[in-house]
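Below: one structure, written as structure tokens.
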Amino acid sequence: MVSARLADTPRWLRHHGGKPADGRICRPAGAPAGLSRGLGHGGTQRPALADDPGADASPTKPEPRPPACGGGISLPPEPAGGRRAGRSACWGAELLSERGRVEPSAGRAVLRCDALRARSVAVHLLERPLGWATCRPVAGCEEGAETEGDRHARRRLGSAPHGQGRLRQRRLDPAGGAGALTGGCGGERAMDTPTIGILGGYGNVGRHLVRLLLQHTEAHLVVAGRHLLRAREFARECNAQAGSERVCATYAHPMEPDSLKHAFDGAQLLILASPTGRFAEQTALAALEMGCDWLDVQFYTPKLEALHHLRERIESAGRCFVTDAGFAPGLPALLVRYAATQLEPLEVANVFAVINPQGGFPKTPSLYEFARELMRCRYGAYRDGQWRFSSGLGLGEVRQSEFGFAFGTRTCLPLLLEEMRALPERLPSLQETGFYIAGFNWLVDWVGAPLLWLTGRMFPTLWVRPMANLLHWATRVFSTPPHGAILRLESCGWREGGRQNLVVQLYHPDPYLFTAAAVAAGVLQYLRGEGRKPGLWFAGYLYDPDTTLQEMRAMGVQMTQQRSPIRGACPFCRR
């Protein structure tokens, strides 16, 4: 091995290794002798290591000096697929830094260094999504051989002295500065300050949610996802705008439960703002093992079965798991409960929705999950004391609603939401309820919707991507103003001895911020203790309706409410 300072490592070593005719990654002309293989950048295969069976015999290497530290960072091996999209598969073969070294060991790249230099070494040597590290005693280090740098790192980070023979786990905070190898993101903070982890916090809904929580809470936020660079950039942007260091970024992926545990270790609440509903069981189990509560912003019906199997474990652990939070599902059931507080008894409560984002639906993984859900959805509504399910597109239960805010009259289809099915049991006086969604434009309504229904019953897995692309293209090209999202409640019941109508409308020009405001309103109640009860809950049943609507108005959602007496037949139920 060759000694060299990490700061003096030449650029070609970190970013390009040079490729000879036989395809091996070797030392370019002028590179120091002994560094026969550098760090590959751009190849799809892992560079051959000096200790690999097929590697060329390297010259006799001097015995390296033992590291003067007691902690090392063990990093996951490169996936079999090679380089990840947008990242270089930089794996060191033979490199000595001033205080550490990289060497192959049992198929893993093991970086040994002291805690003070851990972040700089890891970030320079491994240009890949890196969000966690495992610190452990390293063989060959003398017990109690603590250097001045180690003592300084321990005093700064509050970690125990090295060499005590126990596993120490610390989370890397790439968005932070020096001392990023800590027990939590963002450095030292008060123990009573809540920490909230947001998986997908840099996405369409997640970024609005992070900004709202920064504005309305004092919580520290951990933004995580599989795109580390995007998470780090967004964390810097939020910290710069807020003038604080309350947001940190790290890597996490629901397919890697260990990454979730390391990223959100110490968080009181884990929010899933990413389209990862198919991994609901893995993320829920990780939350239970971490001992934190759980909230998801996902429109993915199959996750409910996975969560139902964990109900007893959730209740025995005393954890609060909230599902189906957001615009829809989430708010429709809450609006019906709000009508029950205004009209007693409540007889009819239907919720209508229209969504028309400016620029159409972006082509993101959430669009594929949305298209998949539309392909498998059922159509039906509760009427005359029973649920009526419609074949086809639910044309037998079609309704029209007069939306305000220049949207006009729209035709709506009865989309069955699981959260609505328990309302008749909770409100025995309810005779009619349902959730109806309006179309997007003529192409989606007359071409896209029938195709979604048909392909959802014929090889649905093969048609998810084409249908999502159709939704993206049709809403981007054919959408017309006005833009935004509306939820409209039409209800009737009794109040002060007479029948009355109650109409409530919620509107925001940005559907994603609308969804984030609904989630943030629930999180505020959670932090105050009002919205936390052990067990598995629908968001529409857990949070207080009056408080939620008031807090959403404070976050920019427009709300109108109109109550009027009924003279003659009710315009909503025709009774």
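Every chain in the structure tokens has a letter given in the order shown (A, B, ...), and although residue numbers restart at 1 in each chain, ligands are simply numbered from 1 in the order shown.
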
For Ala235 (chain A), please output as a ChimeraX atom specification all residues within 6 Å (counting only C-alpha atoms; exclusion window: fewer than 3 positions along the same chain). /A:232,238,247-248

Can those selected residues be exported to a file as a compact mmCIF listing (two decimals), in the first residue's frame so that it contains N, CA and C atoms?
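And here's again.txt as it stands now:
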# COMPACT_ATOMS: atom_id res chain seq x y z
N ARG A 232 -29.93 16.14 0.32
CA ARG A 232 -28.96 17.08 0.89
C ARG A 232 -29.20 18.49 0.37
N CYS A 238 -33.72 24.41 2.87
CA CYS A 238 -34.63 24.67 3.99
C CYS A 238 -33.91 25.34 5.14
N VAL A 247 -33.03 20.86 9.79
CA VAL A 247 -33.29 19.84 8.78
C VAL A 247 -31.98 19.17 8.41
N CYS A 248 -31.96 17.87 8.42
CA CYS A 248 -30.79 17.12 7.98
C CYS A 248 -31.23 16.08 6.97

Residues flagged helix (DSSP H, G or I) by DSSP in region 325-511 of chain A, as a ChimeraX atom specification: /A:331-342,365-376,395-397,418-420,423-426,442-455,460-478,511

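Every residue of region 306-388 of chain A found in strand (DSSP E) when DSSP is run on the backbone appears here: Cys320, Phe321, Val322, Thr323, Leu346, Glu347, Val348, Ala349, Asn350, Val351, Phe352, Ala353, Val354, Ile355, Asn356, Tyr379, Gly380, Ala381, Tyr382, Arg383, Gln386, Trp387 and Arg388 of chain A.
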
Could you turn the residues from that selection into a file that holds C-alpha atoms, as a PDB file, in the first residue's frame?
ATOM      1  CA  CYS A 320     -49.775   5.032  17.199  1.00  0.00           C
ATOM      2  CA  PHE A 321     -49.998   4.080  13.526  1.00  0.00           C
ATOM      3  CA  VAL A 322     -51.990   6.384  11.244  1.00  0.00           C
ATOM      4  CA  THR A 323     -52.751   5.477   7.650  1.00  0.00           C
ATOM      5  CA  LEU A 346     -76.914  13.738  10.114  1.00  0.00           C
ATOM      6  CA  GLU A 347     -78.787  12.040   7.281  1.00  0.00           C
ATOM      7  CA  VAL A 348     -76.812  12.661   4.065  1.00  0.00           C
ATOM      8  CA  ALA A 349     -73.126  13.511   3.607  1.00  0.00           C
ATOM      9  CA  ASN A 350     -71.440  13.192   0.210  1.00  0.00           C
ATOM     10  CA  VAL A 351     -67.929  14.436  -0.578  1.00  0.00           C
ATOM     11  CA  PHE A 352     -66.966  15.555  -4.084  1.00  0.00           C
ATOM     12  CA  ALA A 353     -63.444  16.202  -5.333  1.00  0.00           C
ATOM     13  CA  VAL A 354     -61.808  17.735  -8.373  1.00  0.00           C
ATOM     14  CA  ILE A 355     -58.067  17.725  -9.052  1.00  0.00           C
ATOM     15  CA  ASN A 356     -56.437  19.694 -11.852  1.00  0.00           C
ATOM     16  CA  TYR A 379     -67.002   2.066  -7.619  1.00  0.00           C
ATOM     17  CA  GLY A 380     -69.832   2.350  -5.143  1.00  0.00           C
ATOM     18  CA  ALA A 381     -71.658   4.475  -2.574  1.00  0.00           C
ATOM     19  CA  TYR A 382     -73.781   4.003   0.530  1.00  0.00           C
ATOM     20  CA  ARG A 383     -77.467   4.566  -0.107  1.00  0.00           C
ATOM     21  CA  GLN A 386     -76.499  -0.425   2.290  1.00  0.00           C
ATOM     22  CA  TRP A 387     -73.437  -0.181   0.097  1.00  0.00           C
ATOM     23  CA  ARG A 388     -74.221  -0.303  -3.598  1.00  0.00           C
TER      24      ARG A 388
END

Set the distance at 12 Å and use only C-alpha atoms: which residues neighbour region 332-334 of chain A once local chain neighbours fewer than 5 positions away are removed? I'd like the list as a PyMOL selection string. chain A and resi 324-327+339-341+349-353+415-424+426-427+433-437+486-490+504-506+518+522+538-549

Hey, what's within 7 Å of Val222 (chain A) if we count only C-alpha atoms and toss same-chain stuff fewer than 6 positions away? As a PyMOL selection string, please? chain A and resi 185+196-198+247-249

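Taking CA of Pro414 (chain A) as the reference point, CA of Gln562 (chain A) is found at 23.8 Å.
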
note - CA of Ala449 (chain A) and CA of Phe514 (chain A) are separated by 24.1 Å

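Nearest to Tyr202 (chain A) of all the residues A:Arg378, A:His483, A:Arg230, A:His216 is A:Arg230, based on only C-alpha atoms.
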
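Among A:Val447, A:Ala286, A:Val519, A:Leu452, the residue with the shortest atom-to-atom distance to Arg465 (chain A), counting only C-alpha atoms, is A:Leu452.
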
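Counting only C-alpha atoms, the residue from A:Asp192, A:Pro302, A:Val503, A:Leu470 that sits nearest to Gly266 (chain A) is A:Asp192.
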
Would you mind listing what lies within 8 Å of Thr276 (chain A) as a count of residues only, with only C-alpha atoms counted and same-chain residues fewer than 3 positions away left out? 5

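Between Glu397 (chain A) and the residues A:Leu335, A:Leu413, A:Leu524, A:Ala569, the shortest atom-to-atom distance, using only C-alpha atoms, involves A:Leu413.
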
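Proximity ranking of A:Arg236, A:Arg226, A:His220, A:Arg311 relative to Gln268 (chain A) places A:His220 first, based on only C-alpha atoms.
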